[in-house]
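> As input, take my_file_16.cif (mmCIF, C-alpha atoms, pLDDT in the B column; chains and numbers go by the auth columns):
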```
data_upload
loop_
_atom_site.group_PDB
_atom_site.id
_atom_site.type_symbol
_atom_site.label_atom_id
_atom_site.label_comp_id
_atom_site.label_asym_id
_atom_site.label_seq_id
_atom_site.Cartn_x
_atom_site.Cartn_y
_atom_site.Cartn_z
_atom_site.B_iso_or_equiv
_atom_site.auth_seq_id
_atom_site.auth_asym_id
ATOM 1 C CA ASP A 1 0.000 0.000 0.000 62.00 192 A
ATOM 2 C CA THR A 2 1.651 3.214 -1.182 68.00 193 A
ATOM 3 C CA GLU A 3 -1.143 5.593 -0.351 90.00 194 A
ATOM 4 C CA VAL A 4 -1.876 8.155 2.272 96.00 195 A
ATOM 5 C CA THR A 5 -5.593 8.433 2.979 97.00 196 A
ATOM 6 C CA GLN A 6 -7.466 11.314 4.564 98.00 197 A
ATOM 7 C CA THR A 7 -10.976 11.681 5.912 97.00 198 A
ATOM 8 C CA PRO A 8 -13.245 13.466 5.467 97.00 199 A
ATOM 9 C CA LYS A 9 -12.796 14.758 1.905 97.00 200 A
ATOM 10 C CA HIS A 10 -14.856 17.853 2.651 97.00 201 A
ATOM 11 C CA LEU A 11 -15.777 19.507 5.916 96.00 202 A
ATOM 12 C CA VAL A 12 -17.944 22.532 6.627 96.00 203 A
ATOM 13 C CA MET A 13 -17.944 23.811 10.171 93.00 204 A
ATOM 14 C CA GLY A 14 -19.041 26.795 12.178 91.00 205 A
ATOM 15 C CA MET A 15 -16.674 28.864 14.274 90.00 206 A
ATOM 16 C CA THR A 16 -17.888 27.253 17.488 89.00 207 A
ATOM 17 C CA ASN A 17 -17.656 23.650 16.317 90.00 208 A
ATOM 18 C CA LYS A 18 -15.098 21.016 17.228 95.00 209 A
ATOM 19 C CA LYS A 19 -14.062 18.623 14.480 96.00 210 A
ATOM 20 C CA SER A 20 -11.148 16.344 13.633 97.00 211 A
ATOM 21 C CA LEU A 21 -9.277 15.478 10.461 98.00 212 A
ATOM 22 C CA LYS A 22 -7.802 12.017 10.103 98.00 213 A
ATOM 23 C CA CYS A 23 -4.822 10.748 8.137 98.00 214 A
ATOM 24 C CA GLU A 24 -3.629 7.177 7.740 98.00 215 A
ATOM 25 C CA GLN A 25 -0.706 5.465 6.026 97.00 216 A
ATOM 26 C CA HIS A 26 0.458 1.866 5.925 92.00 217 A
ATOM 27 C CA MET A 27 3.843 2.346 4.305 91.00 218 A
ATOM 28 C CA GLY A 28 5.694 2.008 7.602 91.00 219 A
ATOM 29 C CA HIS A 29 6.719 5.651 7.515 91.00 220 A
ATOM 30 C CA ARG A 30 7.695 7.132 10.871 91.00 221 A
ATOM 31 C CA ALA A 31 7.509 10.809 9.848 92.00 222 A
ATOM 32 C CA MET A 32 4.129 12.429 9.262 95.00 223 A
ATOM 33 C CA TYR A 33 3.257 15.998 8.337 96.00 224 A
ATOM 34 C CA TRP A 34 0.315 18.393 8.282 97.00 225 A
ATOM 35 C CA TYR A 35 0.236 21.119 5.636 97.00 226 A
ATOM 36 C CA LYS A 36 -2.230 23.899 4.926 97.00 227 A
ATOM 37 C CA GLN A 37 -2.744 24.969 1.312 97.00 228 A
ATOM 38 C CA LYS A 38 -4.652 28.056 0.279 96.00 229 A
ATOM 39 C CA ALA A 39 -5.839 28.468 -3.303 93.00 230 A
ATOM 40 C CA LYS A 40 -3.034 29.128 -5.808 90.00 231 A
ATOM 41 C CA LYS A 41 -0.376 28.855 -3.081 95.00 232 A
ATOM 42 C CA PRO A 42 2.142 26.162 -2.191 96.00 233 A
ATOM 43 C CA PRO A 43 1.613 23.832 0.762 96.00 234 A
ATOM 44 C CA GLU A 44 2.591 25.486 4.044 95.00 235 A
ATOM 45 C CA LEU A 45 4.009 23.251 6.765 93.00 236 A
ATOM 46 C CA MET A 46 2.121 23.220 10.068 96.00 237 A
ATOM 47 C CA PHE A 47 3.353 20.241 12.094 96.00 238 A
ATOM 48 C CA VAL A 48 5.816 17.361 11.835 93.00 239 A
ATOM 49 C CA TYR A 49 5.763 14.157 13.861 94.00 240 A
ATOM 50 C CA SER A 50 8.815 11.943 13.912 90.00 241 A
ATOM 51 C CA TYR A 51 8.569 8.540 15.598 91.00 242 A
ATOM 52 C CA GLU A 52 5.215 9.659 17.025 94.00 243 A
ATOM 53 C CA LYS A 53 6.712 12.685 18.748 93.00 244 A
ATOM 54 C CA LEU A 54 5.916 16.262 17.767 94.00 245 A
ATOM 55 C CA SER A 55 9.086 17.633 16.204 89.00 246 A
ATOM 56 C CA ILE A 56 7.952 20.833 14.522 87.00 247 A
ATOM 57 C CA ASN A 57 5.149 23.262 15.275 90.00 248 A
ATOM 58 C CA GLU A 58 5.426 26.133 12.816 88.00 249 A
ATOM 59 C CA SER A 59 3.886 28.658 15.210 90.00 250 A
ATOM 60 C CA VAL A 60 0.417 27.326 14.463 95.00 251 A
ATOM 61 C CA PRO A 61 -2.453 28.825 16.530 95.00 252 A
ATOM 62 C CA SER A 62 -3.644 26.640 19.387 95.00 253 A
ATOM 63 C CA ARG A 63 -7.049 26.207 17.766 96.00 254 A
ATOM 64 C CA PHE A 64 -5.250 23.535 15.719 97.00 255 A
ATOM 65 C CA SER A 65 -4.184 20.578 17.850 97.00 256 A
ATOM 66 C CA PRO A 66 -2.304 17.646 16.289 97.00 257 A
ATOM 67 C CA GLU A 67 -2.194 14.128 17.628 97.00 258 A
ATOM 68 C CA CYS A 68 -0.270 11.030 16.554 97.00 259 A
ATOM 69 C CA PRO A 69 -1.856 8.073 18.375 96.00 260 A
ATOM 70 C CA ASN A 70 0.316 5.487 16.615 95.00 261 A
ATOM 71 C CA SER A 71 2.794 5.170 13.762 92.00 262 A
ATOM 72 C CA SER A 72 0.034 4.875 11.116 96.00 263 A
ATOM 73 C CA LEU A 73 -2.371 7.580 12.232 98.00 264 A
ATOM 74 C CA LEU A 74 -2.260 11.336 12.404 98.00 265 A
ATOM 75 C CA ASN A 75 -5.126 13.518 13.573 98.00 266 A
ATOM 76 C CA LEU A 76 -5.717 17.250 13.501 98.00 267 A
ATOM 77 C CA HIS A 77 -8.247 18.491 16.027 98.00 268 A
ATOM 78 C CA LEU A 78 -9.996 21.736 15.184 97.00 269 A
ATOM 79 C CA HIS A 79 -11.722 24.086 17.593 95.00 270 A
ATOM 80 C CA ALA A 80 -12.981 27.660 17.357 94.00 271 A
ATOM 81 C CA LEU A 81 -11.638 28.157 13.846 94.00 272 A
ATOM 82 C CA GLN A 82 -11.857 31.375 11.884 95.00 273 A
ATOM 83 C CA PRO A 83 -13.112 31.827 8.301 95.00 274 A
ATOM 84 C CA GLU A 84 -9.521 32.518 7.192 96.00 275 A
ATOM 85 C CA ASP A 85 -8.659 28.947 8.231 97.00 276 A
ATOM 86 C CA SER A 86 -10.651 27.690 5.263 97.00 277 A
ATOM 87 C CA ALA A 87 -8.181 25.800 3.075 97.00 278 A
ATOM 88 C CA LEU A 88 -7.093 22.395 1.824 97.00 279 A
ATOM 89 C CA TYR A 89 -5.410 20.471 4.646 98.00 280 A
ATOM 90 C CA LEU A 90 -2.885 17.971 3.387 98.00 281 A
ATOM 91 C CA CYS A 91 -1.273 15.147 5.274 98.00 282 A
ATOM 92 C CA ALA A 92 2.023 13.636 4.127 96.00 283 A
ATOM 93 C CA SER A 93 4.339 10.895 5.272 94.00 284 A
ATOM 94 C CA SER A 94 7.938 9.899 4.662 90.00 285 A
ATOM 95 C CA GLN A 95 10.527 7.569 5.995 86.00 286 A
ATOM 96 C CA ALA A 96 12.306 9.050 8.963 83.00 287 A
ATOM 97 C CA PHE A 97 16.055 9.125 9.325 75.00 288 A
ATOM 98 C CA GLY A 98 17.318 5.688 10.248 70.00 289 A
ATOM 99 C CA GLN A 99 14.625 3.765 8.404 67.00 290 A
ATOM 100 C CA GLY A 100 16.106 1.367 5.885 60.00 291 A
ATOM 101 C CA THR A 101 18.526 2.263 3.146 53.00 292 A
ATOM 102 C CA ARG A 102 16.224 4.300 0.941 52.00 293 A
ATOM 103 C CA SER A 103 16.194 8.010 1.248 56.00 294 A
ATOM 104 C CA TYR A 104 14.007 9.373 3.956 56.00 295 A
ATOM 105 C CA ASN A 105 13.282 12.463 1.949 72.00 296 A
ATOM 106 C CA GLU A 106 10.409 11.583 -0.390 85.00 297 A
ATOM 107 C CA GLN A 107 7.116 12.765 0.999 91.00 298 A
ATOM 108 C CA PHE A 108 3.858 11.146 -0.065 93.00 299 A
ATOM 109 C CA PHE A 109 0.805 13.357 0.137 96.00 300 A
ATOM 110 C CA GLY A 110 -2.763 12.412 0.898 97.00 301 A
ATOM 111 C CA PRO A 111 -5.681 13.792 -1.175 96.00 302 A
ATOM 112 C CA GLY A 112 -6.462 16.426 1.445 97.00 303 A
ATOM 113 C CA THR A 113 -9.510 17.611 3.335 97.00 304 A
ATOM 114 C CA ARG A 114 -11.153 20.726 1.958 97.00 305 A
ATOM 115 C CA LEU A 115 -12.243 22.707 4.991 97.00 306 A
ATOM 116 C CA THR A 116 -14.732 25.559 4.932 96.00 307 A
ATOM 117 C CA VAL A 117 -15.281 27.597 8.099 96.00 308 A
ATOM 118 C CA LEU A 118 -18.474 29.612 8.146 93.00 309 A
ATOM 119 C CA GLY B 1 16.400 30.129 6.724 78.00 84 B
ATOM 120 C CA GLU B 2 15.926 28.627 3.288 82.00 85 B
ATOM 121 C CA ASN B 3 14.045 30.588 0.634 90.00 86 B
ATOM 122 C CA VAL B 4 13.021 29.178 -2.762 96.00 87 B
ATOM 123 C CA GLU B 5 12.053 31.379 -5.702 97.00 88 B
ATOM 124 C CA GLN B 6 10.304 29.890 -8.733 98.00 89 B
ATOM 125 C CA HIS B 7 9.814 31.303 -12.220 98.00 90 B
ATOM 126 C CA PRO B 8 7.746 31.758 -14.262 98.00 91 B
ATOM 127 C CA SER B 9 4.473 31.868 -12.348 97.00 92 B
ATOM 128 C CA THR B 10 2.554 30.899 -15.496 98.00 93 B
ATOM 129 C CA LEU B 11 3.714 29.162 -18.644 98.00 94 B
ATOM 130 C CA SER B 12 1.728 28.488 -21.778 98.00 95 B
ATOM 131 C CA VAL B 13 3.072 26.185 -24.509 98.00 96 B
ATOM 132 C CA GLN B 14 1.818 24.361 -27.569 98.00 97 B
ATOM 133 C CA GLU B 15 1.553 20.592 -27.481 97.00 98 B
ATOM 134 C CA GLY B 16 4.879 19.064 -28.466 97.00 99 B
ATOM 135 C CA ASP B 17 6.945 22.045 -27.325 97.00 100 B
ATOM 136 C CA SER B 18 9.341 21.960 -24.385 98.00 101 B
ATOM 137 C CA ALA B 19 8.709 23.663 -21.046 98.00 102 B
ATOM 138 C CA VAL B 20 11.330 24.841 -18.562 98.00 103 B
ATOM 139 C CA ILE B 21 10.703 25.965 -14.998 98.00 104 B
ATOM 140 C CA LYS B 22 13.501 27.414 -12.883 98.00 105 B
ATOM 141 C CA CYS B 23 14.036 27.657 -9.136 98.00 106 B
ATOM 142 C CA THR B 24 16.717 29.292 -7.044 97.00 107 B
ATOM 143 C CA TYR B 25 17.441 28.566 -3.412 96.00 108 B
ATOM 144 C CA SER B 26 19.269 30.525 -0.761 93.00 109 B
ATOM 145 C CA ASP B 27 20.732 27.909 1.605 89.00 110 B
ATOM 146 C CA SER B 28 23.889 26.410 0.114 88.00 111 B
ATOM 147 C CA ALA B 29 23.551 23.493 2.565 86.00 112 B
ATOM 148 C CA SER B 30 20.291 22.291 0.959 88.00 113 B
ATOM 149 C CA ASN B 31 20.780 18.801 -0.395 86.00 114 B
ATOM 150 C CA TYR B 32 17.481 17.523 -1.800 88.00 115 B
ATOM 151 C CA PHE B 33 15.324 19.095 -4.504 93.00 116 B
ATOM 152 C CA PRO B 34 11.987 17.488 -5.421 94.00 117 B
ATOM 153 C CA TRP B 35 9.457 18.597 -8.015 97.00 118 B
ATOM 154 C CA TYR B 36 5.750 18.083 -7.393 97.00 119 B
ATOM 155 C CA LYS B 37 2.884 18.212 -9.894 98.00 120 B
ATOM 156 C CA GLN B 38 -0.540 19.187 -8.619 97.00 121 B
ATOM 157 C CA GLU B 39 -3.562 18.881 -10.868 96.00 122 B
ATOM 158 C CA LEU B 40 -6.673 20.854 -10.042 92.00 123 B
ATOM 159 C CA GLY B 41 -8.331 19.470 -6.932 89.00 124 B
ATOM 160 C CA LYS B 42 -5.732 16.729 -6.523 93.00 125 B
ATOM 161 C CA ARG B 43 -2.842 15.997 -4.195 95.00 126 B
ATOM 162 C CA PRO B 44 0.745 17.071 -4.974 96.00 127 B
ATOM 163 C CA GLN B 45 2.599 14.159 -6.566 95.00 128 B
ATOM 164 C CA LEU B 46 6.337 13.773 -6.766 94.00 129 B
ATOM 165 C CA ILE B 47 7.431 13.605 -10.401 96.00 130 B
ATOM 166 C CA ILE B 48 11.198 13.759 -10.068 96.00 131 B
ATOM 167 C CA ASP B 49 13.822 14.664 -7.505 93.00 132 B
ATOM 168 C CA ILE B 50 17.565 15.254 -7.389 92.00 133 B
ATOM 169 C CA ARG B 51 20.194 15.220 -4.689 88.00 134 B
ATOM 170 C CA SER B 52 23.035 17.645 -4.282 84.00 135 B
ATOM 171 C CA ASN B 53 25.654 15.083 -5.362 85.00 136 B
ATOM 172 C CA VAL B 54 24.049 14.730 -8.824 84.00 137 B
ATOM 173 C CA GLY B 55 23.994 17.308 -11.611 91.00 138 B
ATOM 174 C CA GLU B 56 21.224 15.914 -13.781 95.00 139 B
ATOM 175 C CA LYS B 57 18.518 13.286 -13.651 94.00 140 B
ATOM 176 C CA LYS B 58 16.148 12.158 -16.368 96.00 141 B
ATOM 177 C CA ASP B 59 12.949 10.121 -16.408 94.00 142 B
ATOM 178 C CA GLN B 60 11.403 9.734 -19.876 96.00 143 B
ATOM 179 C CA ARG B 61 10.163 13.217 -20.915 97.00 144 B
ATOM 180 C CA ILE B 62 11.118 14.858 -17.633 98.00 145 B
ATOM 181 C CA ALA B 63 14.567 15.978 -16.531 98.00 146 B
ATOM 182 C CA VAL B 64 15.954 18.036 -13.688 98.00 147 B
ATOM 183 C CA THR B 65 19.293 19.842 -13.638 97.00 148 B
ATOM 184 C CA LEU B 66 21.081 21.242 -10.611 96.00 149 B
ATOM 185 C CA ASN B 67 23.741 23.936 -10.511 95.00 150 B
ATOM 186 C CA LYS B 68 25.057 24.019 -6.943 93.00 151 B
ATOM 187 C CA THR B 69 27.435 26.899 -7.587 94.00 152 B
ATOM 188 C CA ALA B 70 24.647 29.148 -8.820 95.00 153 B
ATOM 189 C CA LYS B 71 22.138 27.604 -6.392 95.00 154 B
ATOM 190 C CA HIS B 72 19.507 26.916 -8.984 96.00 155 B
ATOM 191 C CA PHE B 73 17.724 23.904 -10.380 97.00 156 B
ATOM 192 C CA SER B 74 15.387 23.492 -13.321 98.00 157 B
ATOM 193 C CA LEU B 75 12.633 21.199 -14.515 98.00 158 B
ATOM 194 C CA HIS B 76 12.577 20.351 -18.219 98.00 159 B
ATOM 195 C CA ILE B 77 9.564 18.741 -19.865 98.00 160 B
ATOM 196 C CA THR B 78 9.951 17.713 -23.503 97.00 161 B
ATOM 197 C CA GLU B 79 7.220 16.849 -26.020 98.00 162 B
ATOM 198 C CA THR B 80 4.566 18.357 -23.777 98.00 163 B
ATOM 199 C CA GLN B 81 1.067 16.896 -23.796 97.00 164 B
ATOM 200 C CA PRO B 82 -2.247 18.389 -22.616 96.00 165 B
ATOM 201 C CA GLU B 83 -2.170 16.074 -19.584 96.00 166 B
ATOM 202 C CA ASP B 84 0.999 17.853 -18.448 97.00 167 B
ATOM 203 C CA SER B 85 -1.191 20.883 -17.659 97.00 168 B
ATOM 204 C CA ALA B 86 -1.007 21.416 -13.895 98.00 169 B
ATOM 205 C CA VAL B 87 0.715 23.480 -11.223 98.00 170 B
ATOM 206 C CA TYR B 88 4.326 22.490 -10.640 98.00 171 B
ATOM 207 C CA PHE B 89 6.086 23.181 -7.335 98.00 172 B
ATOM 208 C CA CYS B 90 9.801 22.974 -6.736 98.00 173 B
ATOM 209 C CA ALA B 91 11.126 22.490 -3.218 96.00 174 B
ATOM 210 C CA ALA B 92 14.377 22.327 -1.303 93.00 175 B
ATOM 211 C CA THR B 93 15.286 20.737 1.990 86.00 176 B
ATOM 212 C CA PRO B 94 18.123 21.893 4.234 75.00 177 B
ATOM 213 C CA ARG B 95 20.934 19.454 4.935 64.00 178 B
ATOM 214 C CA GLY B 96 21.568 18.139 8.369 52.00 179 B
ATOM 215 C CA PHE B 97 18.014 18.579 9.513 57.00 180 B
ATOM 216 C CA SER B 98 18.547 16.500 12.576 55.00 181 B
ATOM 217 C CA GLY B 99 15.038 15.771 13.748 59.00 182 B
ATOM 218 C CA GLY B 100 14.735 12.560 11.737 66.00 183 B
ATOM 219 C CA TYR B 101 12.501 13.973 9.012 75.00 184 B
ATOM 220 C CA ASN B 102 12.869 16.525 6.240 76.00 185 B
ATOM 221 C CA LYS B 103 11.353 19.953 5.962 85.00 186 B
ATOM 222 C CA LEU B 104 10.372 20.977 2.443 90.00 187 B
ATOM 223 C CA ILE B 105 10.558 24.650 1.505 92.00 188 B
ATOM 224 C CA PHE B 106 8.316 25.125 -1.537 96.00 189 B
ATOM 225 C CA GLY B 107 8.531 27.586 -4.379 97.00 190 B
ATOM 226 C CA ALA B 108 5.420 29.608 -5.211 97.00 191 B
ATOM 227 C CA GLY B 109 4.430 27.320 -8.096 98.00 192 B
ATOM 228 C CA THR B 110 4.175 27.498 -11.895 98.00 193 B
ATOM 229 C CA ARG B 111 0.867 27.051 -13.657 98.00 194 B
ATOM 230 C CA LEU B 112 1.625 25.203 -16.902 98.00 195 B
ATOM 231 C CA ALA B 113 -0.954 25.154 -19.683 98.00 196 B
ATOM 232 C CA VAL B 114 -0.349 22.898 -22.700 98.00 197 B
ATOM 233 C CA HIS B 115 -2.583 23.764 -25.634 96.00 198 B
ATOM 234 C CA PRO B 116 -3.505 21.136 -28.244 93.00 199 B
#
```
Would you write out, as structure tokens, the structure that this file holds?

Amino acid sequence: DTEVTQTPKHLVMGMTNKKSLKCEQHMGHRAMYWYKQKAKKPPELMFVYSYEKLSINESVPSRFSPECPNSSLLNLHLHALQPEDSALYLCASSQAFGQGTRSYNEQFFGPGTRLTVL
Amino acid sequence: GENVEQHPSTLSVQEGDSAVIKCTYSDSASNYFPWYKQELGKRPQLIIDIRSNVGEKKDQRIAVTLNKTAKHFSLHITETQPEDSAVYFCAATPRGFSGGYNKLIFGAGTRLAVHP
């Protein structure tokens, strides 16, 4: 299985709602990433987990809360979002340093969750 | 920190022509340079990548060249086809990123349109 899956595909939520985005991979990758992508812009890194530990938080507001419950799953919990948070949220995974002989650099992206905040 | 500039922002070619997209990076320690293709409404997909110890890499109609001295790398697509129409992103990753993962710094993207 060489795919990263994400659910849901689309999500509409109000500013007072709490929702979660889910990402799953079964490639044995130990590095997982959350990106935010606005229209006509490149992906913007939000968080990186390496071996299930949070390694990077790119100064993301606390209304976004990541979680990595195991090596295959990555969640993004959303609470009290703003309309400007509407975007495509992409998950990605890669091998982490120390895994096998192949490069750990290649990142595989999921299809994304298109989030609309009303 | 690393900064990646990408040009042009839009590129329009006729089917069968070649297309070239160029990126420059600021951190001379960067050692990995992938290119992603993103079709409308789809995920970014890696199409080719190159490491700092290689000057050129080719895969069928796609090639990437790297000039470490000038700190730039380019994507070359030959014999373009309408299905090549997409947004292309270059990226760079700093060397020695010690956290066990790699951080991709993306260029702003190039919207390529191939006209039949």
> Check what the PyMOL selection byres ((chain A) within 9 of (chain B)) selects in the file above and give those residues as JSON, numbers by chain.
{"A": [221, 222, 223, 231, 232, 233, 234, 235, 236, 239, 240, 241, 242, 246, 247, 281, 285, 286, 287, 288, 289, 295, 296, 297, 298, 299, 300, 301, 302, 303]}
> If I put a ball of radius 12 Å at (10.8, 19.0, -23.3) in the file's coordinates, which residues poke into it when counting all atoms listed in the file, written as an MDAnalysis selection string?
chainID B and resid 96:104 141:147 157:164 167 197
> Between CA of Gly205 (chain A) and CA of Leu279 (chain A), what distance in Å does the model show, to one decimal?
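Computed distance, CA of Gly205 (chain A) to CA of Leu279 (chain A), equals 16.4 Å.
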> Please give the centre and size of the box around region 261-273 of chain A (axis-aligned, containing every atom listed in the file, 6 Å added per side), with values in Å to one decimal and written as JSON.

```
{"center_x": -5.1, "center_y": 18.1, "center_z": 14.4, "size_x": 27.8, "size_y": 38.5, "size_z": 18.5}
```
> Using all atoms listed in the file, determine which residues lie at most 7 Å from Glu243 (chain A), disregarding the query and same-chain residues fewer than 4 positions distant; provide the list as number ranges by chain.
A: 259, 261-262
> Run through the PyMOL selection byres ((chain A and resi 208) around 9) on the given coordinates and return the selected residues as JSON, numbers by chain.
{"A": [204, 205, 206, 207, 209, 210, 269, 270, 271, 272]}
> Restricting the calculation to all atoms listed in the file, which member of B:His155, B:Asn114, B:Asn136, B:Glu122 is positioned closest to Glu88 (chain B)?
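Smallest separation from Glu88 (chain B) among the options: B:His155.
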> Could you work out how far CA of Ser168 (chain B) lies from CA of Val195 (chain A), giving the answer in Å with one decimal?
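Pair CA of Val195 (chain A) / CA of Ser168 (chain B) returns 23.7 Å.
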> Find the residues near Thr198 (chain A): any atom within 9 Å, counting only C-alpha atoms, skip ones fewer than 3 places away on the same chain, and give them as a list of chain:residue names.
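Listed by chain and then number, they are A:His201, A:Leu212, A:Lys213, A:Cys214, A:Glu215, A:Gly303, A:Thr304.
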> Interatomic distance between CA of Ser111 (chain B) and CA of Ile133 (chain B)?
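Result for CA of Ser111 (chain B) versus CA of Ile133 (chain B): 14.9 Å, one decimal.
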> Could you check which of A:Leu309, A:Asn248, A:Ser256, A:Gln197 is closest to Cys282 (chain A), using only C-alpha atoms?
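For Cys282 (chain A), the nearest of the candidates is A:Gln197.
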> Would you mind telling me which residue in B:Lys154, B:Pro177, B:Pro199, B:Lys105 lies nearest to Thr93 (chain B) when using only C-alpha atoms?
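Among the listed residues, the smallest separation from Thr93 (chain B) belongs to B:Lys105.
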> Taking only C-alpha atoms into account, name the residue in A:Leu264, A:Ala283, A:Ala278, A:Met218 that is nearest to Phe238 (chain A).
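Between A:Leu264, A:Ala283, A:Ala278, A:Met218, the residue approaching Phe238 (chain A) most closely is A:Ala283.
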